[in-house]
>>> print(open('data-v6.cif').read())   # mmCIF, C-alpha atoms
data_target
loop_
_atom_site.group_PDB
_atom_site.id
_atom_site.type_symbol
_atom_site.label_atom_id
_atom_site.label_comp_id
_atom_site.auth_asym_id
_atom_site.auth_seq_id
_atom_site.Cartn_x
_atom_site.Cartn_y
_atom_site.Cartn_z
ATOM 1 C CA MET A 178 -20.090 27.238 6.363
ATOM 2 C CA ARG A 179 -21.083 25.394 3.206
ATOM 3 C CA PHE A 180 -18.613 22.647 2.328
ATOM 4 C CA ASP A 181 -19.690 19.938 -0.110
ATOM 5 C CA LEU A 182 -18.369 16.368 -0.104
ATOM 6 C CA ALA A 183 -15.916 17.117 -2.917
ATOM 7 C CA ASP A 184 -14.419 19.919 -0.788
ATOM 8 C CA LEU A 185 -14.011 17.593 2.171
ATOM 9 C CA ARG A 186 -12.431 14.800 0.114
ATOM 10 C CA LEU A 187 -9.960 17.271 -1.382
ATOM 11 C CA PHE A 188 -9.112 18.715 2.022
ATOM 12 C CA LEU A 189 -8.462 15.254 3.493
ATOM 13 C CA ALA A 190 -6.308 14.261 0.517
ATOM 14 C CA VAL A 191 -4.203 17.434 0.868
ATOM 15 C CA ALA A 192 -3.947 16.977 4.631
ATOM 16 C CA GLU A 193 -2.745 13.379 4.195
ATOM 17 C CA ALA A 194 -0.240 14.210 1.446
ATOM 18 C CA GLY A 195 1.010 17.413 3.099
ATOM 19 C CA ASN A 196 1.085 18.814 -0.399
ATOM 20 C CA ILE A 197 -1.614 20.460 -2.525
ATOM 21 C CA THR A 198 -0.323 19.060 -5.831
ATOM 22 C CA ARG A 199 -0.327 15.438 -4.636
ATOM 23 C CA GLY A 200 -3.647 15.872 -2.849
ATOM 24 C CA ALA A 201 -5.242 17.309 -5.985
ATOM 25 C CA ALA A 202 -3.971 14.385 -8.064
ATOM 26 C CA GLU A 203 -5.407 11.914 -5.550
ATOM 27 C CA VAL A 204 -8.942 13.253 -6.123
ATOM 28 C CA GLY A 205 -8.530 13.919 -9.845
ATOM 29 C CA LEU A 206 -8.316 17.715 -9.808
ATOM 30 C CA SER A 207 -5.814 20.075 -11.396
ATOM 31 C CA LEU A 208 -3.572 22.119 -9.095
ATOM 32 C CA ALA A 209 -5.352 25.328 -10.102
ATOM 33 C CA ALA A 210 -8.822 23.915 -9.414
ATOM 34 C CA ALA A 211 -7.744 22.443 -6.076
ATOM 35 C CA SER A 212 -6.088 25.681 -4.953
ATOM 36 C CA GLU A 213 -9.210 27.652 -5.835
ATOM 37 C CA ARG A 214 -11.443 25.255 -3.870
ATOM 38 C CA LEU A 215 -9.204 25.453 -0.814
ATOM 39 C CA ARG A 216 -9.090 29.251 -0.921
ATOM 40 C CA ALA A 217 -12.892 29.322 -1.233
ATOM 41 C CA MET A 218 -13.248 27.035 1.809
ATOM 42 C CA GLU A 219 -11.101 29.386 3.881
ATOM 43 C CA ALA A 220 -12.927 32.476 2.587
ATOM 44 C CA VAL A 221 -16.401 31.064 3.288
ATOM 45 C CA GLY A 222 -15.433 30.066 6.807
ATOM 46 C CA ASP A 223 -13.300 33.170 7.376
ATOM 47 C CA VAL A 224 -10.627 30.889 8.813
ATOM 48 C CA THR A 225 -7.137 29.682 7.902
ATOM 49 C CA LEU A 226 -7.114 25.915 7.423
ATOM 50 C CA LEU A 227 -3.632 25.368 5.959
ATOM 51 C CA GLU A 228 -0.207 26.781 6.685
ATOM 52 C CA ARG A 229 1.577 26.987 3.328
ATOM 53 C CA GLY A 230 5.352 26.641 3.166
ATOM 54 C CA ARG A 231 8.164 25.797 0.775
ATOM 55 C CA ARG A 232 7.989 22.081 1.546
ATOM 56 C CA GLY A 233 4.221 21.732 1.463
ATOM 57 C CA VAL A 234 1.329 22.465 3.783
ATOM 58 C CA SER A 235 0.401 21.674 7.373
ATOM 59 C CA LEU A 236 -2.902 21.946 9.210
ATOM 60 C CA THR A 237 -3.772 24.792 11.520
ATOM 61 C CA GLN A 238 -5.847 24.091 14.625
ATOM 62 C CA ALA A 239 -8.947 24.922 12.598
ATOM 63 C CA GLY A 240 -7.715 22.580 9.861
ATOM 64 C CA GLU A 241 -7.254 19.753 12.381
ATOM 65 C CA ALA A 242 -10.826 20.249 13.573
ATOM 66 C CA LEU A 243 -12.169 20.207 10.012
ATOM 67 C CA ALA A 244 -10.154 17.078 9.172
ATOM 68 C CA HIS A 245 -11.581 15.267 12.205
ATOM 69 C CA HIS A 246 -15.166 16.013 11.242
ATOM 70 C CA ALA A 247 -14.530 15.345 7.558
ATOM 71 C CA ARG A 248 -13.290 11.837 8.394
ATOM 72 C CA LEU A 249 -16.409 11.158 10.432
ATOM 73 C CA ILE A 250 -18.574 12.310 7.522
ATOM 74 C CA GLU A 251 -16.624 10.165 5.038
ATOM 75 C CA ARG A 252 -17.066 7.088 7.215
ATOM 76 C CA GLN A 253 -20.770 7.725 7.651
ATOM 77 C CA MET A 254 -21.253 8.261 3.911
ATOM 78 C CA ALA A 255 -19.409 5.010 3.165
ATOM 79 C CA ARG A 256 -21.655 3.087 5.578
ATOM 80 C CA MET A 257 -24.765 4.693 4.116
ATOM 81 C CA ARG A 258 -23.772 3.766 0.558
ATOM 82 C CA GLY A 259 -22.959 0.238 1.657
ATOM 83 C CA GLU A 260 -26.231 -0.346 3.446
ATOM 84 C CA LEU A 261 -28.324 1.195 0.667
ATOM 85 C CA SER A 262 -26.554 -0.873 -1.974
ATOM 86 C CA GLU A 263 -27.728 -4.041 -0.246
ATOM 87 C CA HIS A 264 -31.339 -3.023 -0.896
ATOM 88 C CA ALA A 265 -30.957 -1.594 -4.394
ATOM 89 C CA LYS A 266 -31.277 -4.107 -7.215
ATOM 90 C CA GLY A 267 -28.333 -3.892 -9.579
ATOM 91 C CA LEU A 268 -26.610 -1.028 -7.734
ATOM 92 C CA ARG A 269 -22.843 -1.532 -7.596
ATOM 93 C CA ALA A 270 -20.705 -0.829 -4.558
ATOM 94 C CA THR A 271 -16.976 -0.127 -4.388
ATOM 95 C CA ILE A 272 -14.579 -0.969 -1.549
ATOM 96 C CA GLN A 273 -11.345 0.999 -1.343
ATOM 97 C CA VAL A 274 -8.320 -1.148 -0.485
ATOM 98 C CA LEU A 275 -4.658 -0.169 -0.074
ATOM 99 C CA ALA A 276 -1.969 -2.874 -0.090
ATOM 100 C CA ASN A 277 1.772 -3.221 -0.434
ATOM 101 C CA THR A 278 3.484 -4.888 -3.405
ATOM 102 C CA ALA A 279 3.848 -8.364 -1.909
ATOM 103 C CA ALA A 280 0.185 -8.526 -0.932
ATOM 104 C CA ILE A 281 -0.994 -7.424 -4.381
ATOM 105 C CA MET A 282 1.313 -9.599 -6.463
ATOM 106 C CA GLU A 283 1.628 -12.715 -4.332
ATOM 107 C CA PHE A 284 -1.355 -13.178 -2.031
ATOM 108 C CA LEU A 285 -4.430 -11.164 -2.986
ATOM 109 C CA PRO A 286 -5.343 -12.677 -6.397
ATOM 110 C CA ALA A 287 -5.941 -16.148 -4.953
ATOM 111 C CA ARG A 288 -7.679 -14.800 -1.835
ATOM 112 C CA LEU A 289 -9.976 -12.477 -3.802
ATOM 113 C CA ALA A 290 -11.047 -14.864 -6.567
ATOM 114 C CA SER A 291 -13.762 -16.752 -4.694
ATOM 115 C CA TRP A 292 -14.992 -13.711 -2.782
ATOM 116 C CA MET A 293 -15.430 -11.576 -5.914
ATOM 117 C CA ALA A 294 -17.215 -14.435 -7.670
ATOM 118 C CA MET A 295 -19.697 -14.564 -4.789
ATOM 119 C CA HIS A 296 -20.203 -10.774 -4.829
ATOM 120 C CA PRO A 297 -20.653 -9.816 -8.514
ATOM 121 C CA THR A 298 -21.998 -6.313 -7.757
ATOM 122 C CA ILE A 299 -19.046 -5.244 -5.605
ATOM 123 C CA ASP A 300 -15.950 -3.701 -7.180
ATOM 124 C CA LEU A 301 -12.586 -3.063 -5.552
ATOM 125 C CA ASP A 302 -10.576 0.132 -5.904
ATOM 126 C CA LEU A 303 -7.199 -1.478 -5.179
ATOM 127 C CA LYS A 304 -4.120 0.742 -4.970
ATOM 128 C CA GLU A 305 -0.502 -0.120 -4.229
ATOM 129 C CA ARG A 306 1.169 1.871 -1.463
ATOM 130 C CA GLN A 307 4.112 1.491 0.912
ATOM 131 C CA SER A 308 3.203 0.161 4.347
ATOM 132 C CA ALA A 309 3.970 3.452 6.107
ATOM 133 C CA GLU A 310 1.660 5.305 3.704
ATOM 134 C CA ILE A 311 -1.130 2.788 4.344
ATOM 135 C CA ALA A 312 -0.762 3.201 8.112
ATOM 136 C CA ARG A 313 -1.379 6.940 7.651
ATOM 137 C CA ALA A 314 -4.087 6.667 4.982
ATOM 138 C CA ILE A 315 -6.470 4.302 6.799
ATOM 139 C CA PRO A 316 -6.987 6.557 9.869
ATOM 140 C CA ALA A 317 -7.378 9.504 7.481
ATOM 141 C CA GLY A 318 -10.300 7.745 5.793
ATOM 142 C CA HIS A 319 -8.704 7.364 2.337
ATOM 143 C CA ALA A 320 -9.554 3.639 2.237
ATOM 144 C CA GLU A 321 -11.555 1.187 4.296
ATOM 145 C CA VAL A 322 -9.166 -1.797 4.302
ATOM 146 C CA GLY A 323 -5.369 -1.915 4.238
ATOM 147 C CA ILE A 324 -2.737 -4.650 4.030
ATOM 148 C CA LEU A 325 0.688 -3.687 5.341
ATOM 149 C CA SER A 326 3.773 -4.858 7.187
ATOM 150 C CA ASP A 327 3.434 -4.854 10.958
ATOM 151 C CA ALA A 328 6.978 -3.454 11.141
ATOM 152 C CA VAL A 329 5.532 0.059 10.728
ATOM 153 C CA GLU A 330 3.767 2.009 13.462
ATOM 154 C CA THR A 331 0.041 1.183 13.259
ATOM 155 C CA GLY A 332 -1.249 3.167 16.244
ATOM 156 C CA ASP A 333 -4.813 2.253 17.218
ATOM 157 C CA LEU A 334 -5.695 0.471 13.972
ATOM 158 C CA HIS A 335 -7.585 -2.830 14.246
ATOM 159 C CA LEU A 336 -5.253 -5.591 12.971
ATOM 160 C CA ARG A 337 -5.673 -9.198 11.796
ATOM 161 C CA HIS A 338 -2.998 -11.573 10.478
ATOM 162 C CA PHE A 339 -2.878 -11.846 6.683
ATOM 163 C CA ALA A 340 0.358 -13.605 5.609
ATOM 164 C CA THR A 341 4.082 -13.943 6.245
ATOM 165 C CA ASP A 342 6.210 -12.422 3.492
ATOM 166 C CA ARG A 343 9.878 -13.460 3.298
ATOM 167 C CA LEU A 344 12.194 -11.698 0.884
ATOM 168 C CA VAL A 345 14.996 -13.698 -0.734
ATOM 169 C CA ILE A 346 17.823 -13.080 -3.180
ATOM 170 C CA VAL A 347 17.494 -14.825 -6.528
ATOM 171 C CA ALA A 348 20.418 -15.249 -8.927
ATOM 172 C CA GLY A 349 21.781 -17.575 -11.574
ATOM 173 C CA LYS A 350 23.105 -20.994 -10.587
ATOM 174 C CA GLN A 351 26.696 -19.814 -11.043
ATOM 175 C CA TRP A 352 26.448 -16.914 -8.575
ATOM 176 C CA SER A 353 29.323 -16.983 -6.088
ATOM 177 C CA PHE A 354 27.000 -17.107 -3.050
ATOM 178 C CA ALA A 355 24.483 -19.511 -4.588
ATOM 179 C CA ARG A 356 25.270 -22.376 -2.193
ATOM 180 C CA GLN A 357 24.803 -20.339 0.987
ATOM 181 C CA ALA A 358 21.644 -20.828 3.043
ATOM 182 C CA ASN A 359 21.465 -17.150 3.961
ATOM 183 C CA ILE A 360 23.438 -13.950 3.573
ATOM 184 C CA ALA A 361 23.465 -10.459 5.067
ATOM 185 C CA PHE A 362 22.177 -7.713 2.792
ATOM 186 C CA ARG A 363 25.353 -5.718 3.405
ATOM 187 C CA GLU A 364 27.407 -8.476 1.721
ATOM 188 C CA VAL A 365 25.667 -8.135 -1.660
ATOM 189 C CA LEU A 366 25.597 -4.357 -2.041
ATOM 190 C CA ASP A 367 28.442 -4.420 -4.567
ATOM 191 C CA GLU A 368 26.472 -6.734 -6.875
ATOM 192 C CA ASP A 369 24.538 -5.642 -9.975
ATOM 193 C CA PHE A 370 20.798 -5.620 -9.273
ATOM 194 C CA ILE A 371 17.697 -6.213 -11.374
ATOM 195 C CA GLY A 372 14.606 -4.488 -9.957
ATOM 196 C CA LEU A 373 11.011 -3.518 -10.486
ATOM 197 C CA MET A 374 10.233 -0.348 -12.413
ATOM 198 C CA ASP A 375 8.254 1.031 -9.492
ATOM 199 C CA GLY A 376 6.207 -0.024 -6.508
ATOM 200 C CA ALA A 377 6.270 -0.189 -2.745
ATOM 201 C CA LEU A 378 8.508 -3.277 -2.564
ATOM 202 C CA GLN A 379 11.261 -1.764 -4.707
ATOM 203 C CA SER A 380 11.186 1.432 -2.653
ATOM 204 C CA HIS A 381 11.405 -0.634 0.547
ATOM 205 C CA ILE A 382 14.507 -2.479 -0.688
ATOM 206 C CA GLU A 383 16.237 0.693 -1.827
ATOM 207 C CA ASP A 384 15.434 2.351 1.507
ATOM 208 C CA GLN A 385 17.272 -0.485 3.305
ATOM 209 C CA ALA A 386 20.368 0.149 1.190
ATOM 210 C CA MET A 387 20.206 3.871 1.982
ATOM 211 C CA ARG A 388 20.089 3.066 5.693
ATOM 212 C CA LEU A 389 23.443 1.369 5.200
ATOM 213 C CA GLY A 390 24.765 4.434 3.411
ATOM 214 C CA ARG A 391 24.678 2.758 0.014
ATOM 215 C CA LYS A 392 22.764 2.921 -3.256
ATOM 216 C CA LEU A 393 21.860 -0.190 -5.239
ATOM 217 C CA LYS A 394 23.673 -0.654 -8.554
ATOM 218 C CA MET A 395 20.645 -1.074 -10.803
ATOM 219 C CA ARG A 396 21.301 -2.603 -14.236
ATOM 220 C CA VAL A 397 17.693 -2.561 -15.389
ATOM 221 C CA ARG A 398 14.159 -2.274 -14.035
ATOM 222 C CA VAL A 399 11.307 -4.437 -15.351
ATOM 223 C CA ARG A 400 7.582 -4.717 -14.654
ATOM 224 C CA SER A 401 7.207 -8.224 -13.201
ATOM 225 C CA PHE A 402 8.819 -10.883 -11.041
ATOM 226 C CA GLU A 403 8.826 -13.190 -14.050
ATOM 227 C CA GLY A 404 10.890 -10.661 -16.023
ATOM 228 C CA ILE A 405 13.281 -10.361 -13.105
ATOM 229 C CA CYS A 406 13.727 -14.136 -12.846
ATOM 230 C CA ARG A 407 14.303 -14.509 -16.569
ATOM 231 C CA LEU A 408 17.122 -11.951 -16.425
ATOM 232 C CA VAL A 409 18.849 -13.183 -13.267
ATOM 233 C CA SER A 410 18.717 -16.829 -14.362
ATOM 234 C CA ASN A 411 20.832 -15.830 -17.342
ATOM 235 C CA GLY A 412 23.421 -14.046 -15.225
ATOM 236 C CA ALA A 413 22.327 -10.434 -15.751
ATOM 237 C CA GLY A 414 22.508 -9.675 -12.028
ATOM 238 C CA ILE A 415 20.779 -10.544 -8.758
ATOM 239 C CA ALA A 416 17.393 -9.479 -7.387
ATOM 240 C CA ILE A 417 15.294 -9.440 -4.238
ATOM 241 C CA ILE A 418 11.759 -10.830 -4.502
ATOM 242 C CA PRO A 419 9.233 -12.599 -2.218
ATOM 243 C CA ALA A 420 10.030 -16.237 -1.474
ATOM 244 C CA THR A 421 6.633 -17.295 -2.870
ATOM 245 C CA ALA A 422 7.541 -15.817 -6.256
ATOM 246 C CA ALA A 423 11.002 -17.385 -6.165
ATOM 247 C CA ARG A 424 9.542 -20.850 -5.538
ATOM 248 C CA ARG A 425 7.078 -20.429 -8.393
ATOM 249 C CA PHE A 426 9.614 -19.321 -10.991
ATOM 250 C CA ARG A 427 12.293 -21.870 -10.010
ATOM 251 C CA ARG A 428 10.122 -24.421 -11.822
ATOM 252 C CA SER A 429 10.736 -22.710 -15.159
ATOM 253 C CA HIS A 430 14.042 -20.867 -14.655
ATOM 254 C CA ALA A 431 17.501 -21.952 -13.488
ATOM 255 C CA LEU A 432 17.566 -19.966 -10.254
ATOM 256 C CA SER A 433 19.427 -20.102 -6.977
ATOM 257 C CA LYS A 434 17.603 -18.771 -3.910
ATOM 258 C CA VAL A 435 19.331 -17.418 -0.799
ATOM 259 C CA ARG A 436 17.537 -16.092 2.287
ATOM 260 C CA ILE A 437 18.402 -12.593 3.512
ATOM 261 C CA ALA A 438 19.581 -12.740 7.127
ATOM 262 C CA ASP A 439 18.457 -9.194 8.009
ATOM 263 C CA ALA A 440 15.305 -8.897 10.151
ATOM 264 C CA TRP A 441 13.600 -6.513 7.706
ATOM 265 C CA ALA A 442 13.486 -9.276 5.074
ATOM 266 C CA THR A 443 10.885 -11.275 7.029
ATOM 267 C CA ARG A 444 7.671 -9.330 7.248
ATOM 268 C CA ARG A 445 4.363 -10.225 8.856
ATOM 269 C CA LEU A 446 1.593 -8.803 6.708
ATOM 270 C CA VAL A 447 -1.538 -7.704 8.521
ATOM 271 C CA LEU A 448 -5.003 -6.540 7.531
ATOM 272 C CA CYS A 449 -5.999 -3.232 9.058
ATOM 273 C CA CYS A 450 -9.001 -0.966 9.410
ATOM 274 C CA GLN A 451 -9.991 1.796 11.799
ATOM 275 C CA SER A 452 -12.601 -0.422 13.475
ATOM 276 C CA PRO A 453 -14.780 -3.292 12.211
ATOM 277 C CA ASP A 454 -17.794 -1.323 13.440
ATOM 278 C CA TRP A 455 -16.937 1.533 11.066
ATOM 279 C CA LEU A 456 -16.713 -0.647 7.954
ATOM 280 C CA THR A 457 -19.569 -0.939 5.489
ATOM 281 C CA ASN A 458 -21.196 -4.360 5.545
ATOM 282 C CA GLN A 459 -19.487 -5.287 2.268
ATOM 283 C CA ALA A 460 -16.080 -4.152 3.498
ATOM 284 C CA ARG A 461 -16.534 -6.084 6.749
ATOM 285 C CA HIS A 462 -17.390 -9.234 4.776
ATOM 286 C CA LEU A 463 -14.235 -8.752 2.694
ATOM 287 C CA PHE A 464 -12.075 -8.063 5.762
ATOM 288 C CA ASP A 465 -13.319 -11.221 7.510
ATOM 289 C CA HIS A 466 -12.871 -13.329 4.361
ATOM 290 C CA LEU A 467 -9.261 -12.225 3.914
ATOM 291 C CA ALA A 468 -8.507 -12.865 7.583
ATOM 292 C CA LEU A 469 -10.167 -16.306 7.646
ATOM 293 C CA ASN A 470 -8.214 -17.407 4.578
ATOM 294 C CA ALA A 471 -4.862 -16.328 6.007
#
>>> encode(input="data-v6.cif", output="structure tokens")
Amino acid sequence: MRFDLADLRLFLAVAEAGNITRGAAEVGLSLAAASERLRAMEAVGDVTLLERGRRGVSLTQAGEALAHHARLIERQMARMRGELSEHAKGLRATIQVLANTAAIMEFLPARLASWMAMHPTIDLDLKERQSAEIARAIPAGHAEVGILSDAVETGDLHLRHFATDRLVIVAGKQWSFARQANIAFREVLDEDFIGLMDGALQSHIEDQAMRLGRKLKMRVRVRSFEGICRLVSNGAGIAIIPATAARRFRRSHALSKVRIADAWATRRLVLCCQSPDWLTNQARHLFDHLALNA
């Protein structure tokens, strides 16, 4: 069987997504090109790797075996590139990192600044994902380092503390609940909300409303916490953002801040990887730096 690295990366992406279209997009291929590669892999090996259905694809026993070995190869290739890059003058290395919204917008910039300045030949491929997606992607070999909420199932992943993320409600000073210290999420579901255009945090909040059988009444979606705070301070609605962001923008906007009483609103963020021994040297340095600066 002759599978090249591009075949294996595509197969792992499809296996993780459970969908050929999303897997193809993850590795930068068109649906037609990805489908042709997958059919060729099955034809060359004379084996069925994927069960195709209306709702996506699942792995056959042969597919599970291929995925296992493909992940081992991906890890070994990553370590090889990392070790070689340390001996090659001017050669750049890239570390793949997945993180949720709070980590990317509130914690990572300050933590990364000094480390990236000390490592000018190392780039980061940083992508935003929901915590549950990260917990699945790291064992699948789609990234070396992840930052997620420990509320999700993390299996056998190696974990280190990263930060504590508390979500709060921000609103204008005249909001009827502005003087309360905390409030249950259920009590504000009839309010008008301002939210982010996209991202893992916004999806997490809307999922909590759905668990209560409700849908948030969204007035508008914007791209940043600053935009949210500008709108809510003028009475356009209320919003849910990290407490760190709320404290920062209260200096420039007339905001009230109320803690959410629900347990899901306080999240412990953790660093994760499959095993420190499987990380490239550069990725291990980054992992340790982020953990030490927690």
>>> resolve_selection(input="data-v6.cif", expression="the PyMOL selection byres ((chain A and resi 312) around 9)", output="list of chain:residue names")
A:Gln307, A:Ser308, A:Ala309, A:Glu310, A:Ile311, A:Arg313, A:Ala314, A:Ile315, A:Pro316, A:Gly323, A:Leu325, A:Val329, A:Glu330, A:Thr331, A:Gly332, A:Leu334, A:Cys449
>>> atom_distance(input="data-v6.cif", atom1="CA of Asp327 (chain A)", atom2="CA of Thr457 (chain A)")
24.0 Å
>>> residues_around(input="data-v6.cif", residues="Ala423 (chain A)", least_positions_apart="5", cutoff="9 Å", atoms="all atoms listed in the file", output="PyMOL selection string")
chain A and resi 345-347+402+406+418+432-434
>>> atom_distance(input="data-v6.cif", atom1="CA of Glu403 (chain A)", atom2="CA of Met282 (chain A)")
11.3 Å
>>> residues_around(input="data-v6.cif", residues="Arg391 (chain A)", least_positions_apart="4", cutoff="10 Å", atoms="all atoms listed in the file", output="PyMOL selection string")
chain A and resi 363+366-367+383-387
>>> residues_around(input="data-v6.cif", residues="region 349-359 of chain A", least_positions_apart="6", cutoff="10 Å", atoms="only C-alpha atoms", output="list in words")
Val365, Cys406, Arg407, Leu408, Val409, Ser410, Asn411, Gly412, Ala413, Gly414, Ile415, His430, Ala431, Leu432, Ser433, Lys434, Val435, Arg436, Ile437, Ala438 and Asp439 of chain A
>>> resolve_selection(input="data-v6.cif", expression="the PyMOL selection byres ((chain A and resi 190) around 9)", output="ChimeraX atom specification")
/A:185-189,191-197,199-204,317,319
>>> atom_distance(input="data-v6.cif", atom1="CA of Thr341 (chain A)", atom2="CA of Leu393 (chain A)")
25.2 Å
>>> resolve_selection(input="data-v6.cif", expression="the PyMOL selection byres ((chain A and resi 249) around 12)", output="ChimeraX atom specification")
/A:182,185-186,189,242-248,250-256,316-319,451,455
>>> closest_residue(input="data-v6.cif", among="A:Ala348, A:Leu448, A:Ile299, A:Val399", to="Gly372 (chain A)", atoms="all atoms listed in the file")
A:Val399
>>> closest_residue(input="data-v6.cif", among="A:Arg461, A:Arg232, A:Arg343, A:Arg396", to="Arg444 (chain A)", atoms="all atoms listed in the file")
A:Arg343
>>> axis_aligned_box(input="data-v6.cif", around="region 348-366 of chain A", padding_each_side="4 Å", output="lines of an AutoDock Vina configuration file")
center_x = 24.9
center_y = -13.4
center_z = -3.3
size_x = 16.9
size_y = 26.0
size_z = 24.6
>>> closest_residue(input="data-v6.cif", among="A:Asp465, A:Glu241, A:Glu283, A:Glu305", to="Ala377 (chain A)", atoms="only C-alpha atoms")
A:Glu305
>>> closest_residue(input="data-v6.cif", among="A:Leu303, A:Leu469, A:Leu261, A:Val221", to="Ile281 (chain A)", atoms="all atoms listed in the file")
A:Leu303
>>> build_atoms(input="data-v6.cif", residues="region 342-354 of chain A", atoms="N, CA, C and O atoms", output="mmCIF file, keeping the file's coordinate frame")
data_model
loop_
_atom_site.group_PDB
_atom_site.id
_atom_site.type_symbol
_atom_site.label_atom_id
_atom_site.label_comp_id
_atom_site.auth_asym_id
_atom_site.auth_seq_id
_atom_site.Cartn_x
_atom_site.Cartn_y
_atom_site.Cartn_z
ATOM 1 N N ASP A 342 5.506 -12.720 4.739
ATOM 2 C CA ASP A 342 6.210 -12.422 3.492
ATOM 3 C C ASP A 342 7.710 -12.443 3.761
ATOM 4 O O ASP A 342 8.216 -11.631 4.542
ATOM 5 N N ARG A 343 8.418 -13.389 3.141
ATOM 6 C CA ARG A 343 9.878 -13.460 3.298
ATOM 7 C C ARG A 343 10.544 -13.069 1.989
ATOM 8 O O ARG A 343 10.217 -13.618 0.934
ATOM 9 N N LEU A 344 11.461 -12.127 2.067
ATOM 10 C CA LEU A 344 12.194 -11.698 0.884
ATOM 11 C C LEU A 344 13.474 -12.507 0.755
ATOM 12 O O LEU A 344 14.163 -12.780 1.740
ATOM 13 N N VAL A 345 13.791 -12.903 -0.472
ATOM 14 C CA VAL A 345 14.996 -13.698 -0.734
ATOM 15 C C VAL A 345 15.748 -13.090 -1.915
ATOM 16 O O VAL A 345 15.189 -12.317 -2.704
ATOM 17 N N ILE A 346 17.015 -13.458 -2.021
ATOM 18 C CA ILE A 346 17.823 -13.080 -3.180
ATOM 19 C C ILE A 346 17.737 -14.199 -4.204
ATOM 20 O O ILE A 346 17.886 -15.381 -3.862
ATOM 21 N N VAL A 347 17.459 -13.843 -5.446
ATOM 22 C CA VAL A 347 17.494 -14.825 -6.528
ATOM 23 C C VAL A 347 18.620 -14.441 -7.485
ATOM 24 O O VAL A 347 18.885 -13.255 -7.719
ATOM 25 N N ALA A 348 19.289 -15.459 -8.015
ATOM 26 C CA ALA A 348 20.418 -15.249 -8.927
ATOM 27 C C ALA A 348 20.568 -16.481 -9.792
ATOM 28 O O ALA A 348 19.873 -17.493 -9.603
ATOM 29 N N GLY A 349 21.483 -16.417 -10.742
ATOM 30 C CA GLY A 349 21.781 -17.575 -11.574
ATOM 31 C C GLY A 349 22.486 -18.657 -10.768
ATOM 32 O O GLY A 349 23.008 -18.408 -9.675
ATOM 33 N N LYS A 350 22.501 -19.864 -11.300
ATOM 34 C CA LYS A 350 23.105 -20.994 -10.587
ATOM 35 C C LYS A 350 24.598 -20.807 -10.343
ATOM 36 O O LYS A 350 25.160 -21.386 -9.410
ATOM 37 N N GLN A 351 25.248 -19.985 -11.168
ATOM 38 C CA GLN A 351 26.696 -19.814 -11.043
ATOM 39 C C GLN A 351 27.084 -18.678 -10.110
ATOM 40 O O GLN A 351 28.268 -18.382 -9.951
ATOM 41 N N TRP A 352 26.138 -18.027 -9.474
ATOM 42 C CA TRP A 352 26.448 -16.914 -8.575
ATOM 43 C C TRP A 352 27.356 -17.401 -7.445
ATOM 44 O O TRP A 352 27.190 -18.504 -6.930
ATOM 45 N N SER A 353 28.299 -16.573 -7.058
ATOM 46 C CA SER A 353 29.323 -16.983 -6.088
ATOM 47 C C SER A 353 28.755 -17.357 -4.715
ATOM 48 O O SER A 353 29.354 -18.146 -3.984
ATOM 49 N N PHE A 354 27.597 -16.805 -4.355
ATOM 50 C CA PHE A 354 27.000 -17.107 -3.050
ATOM 51 C C PHE A 354 25.829 -18.080 -3.172
ATOM 52 O O PHE A 354 25.077 -18.272 -2.201
#
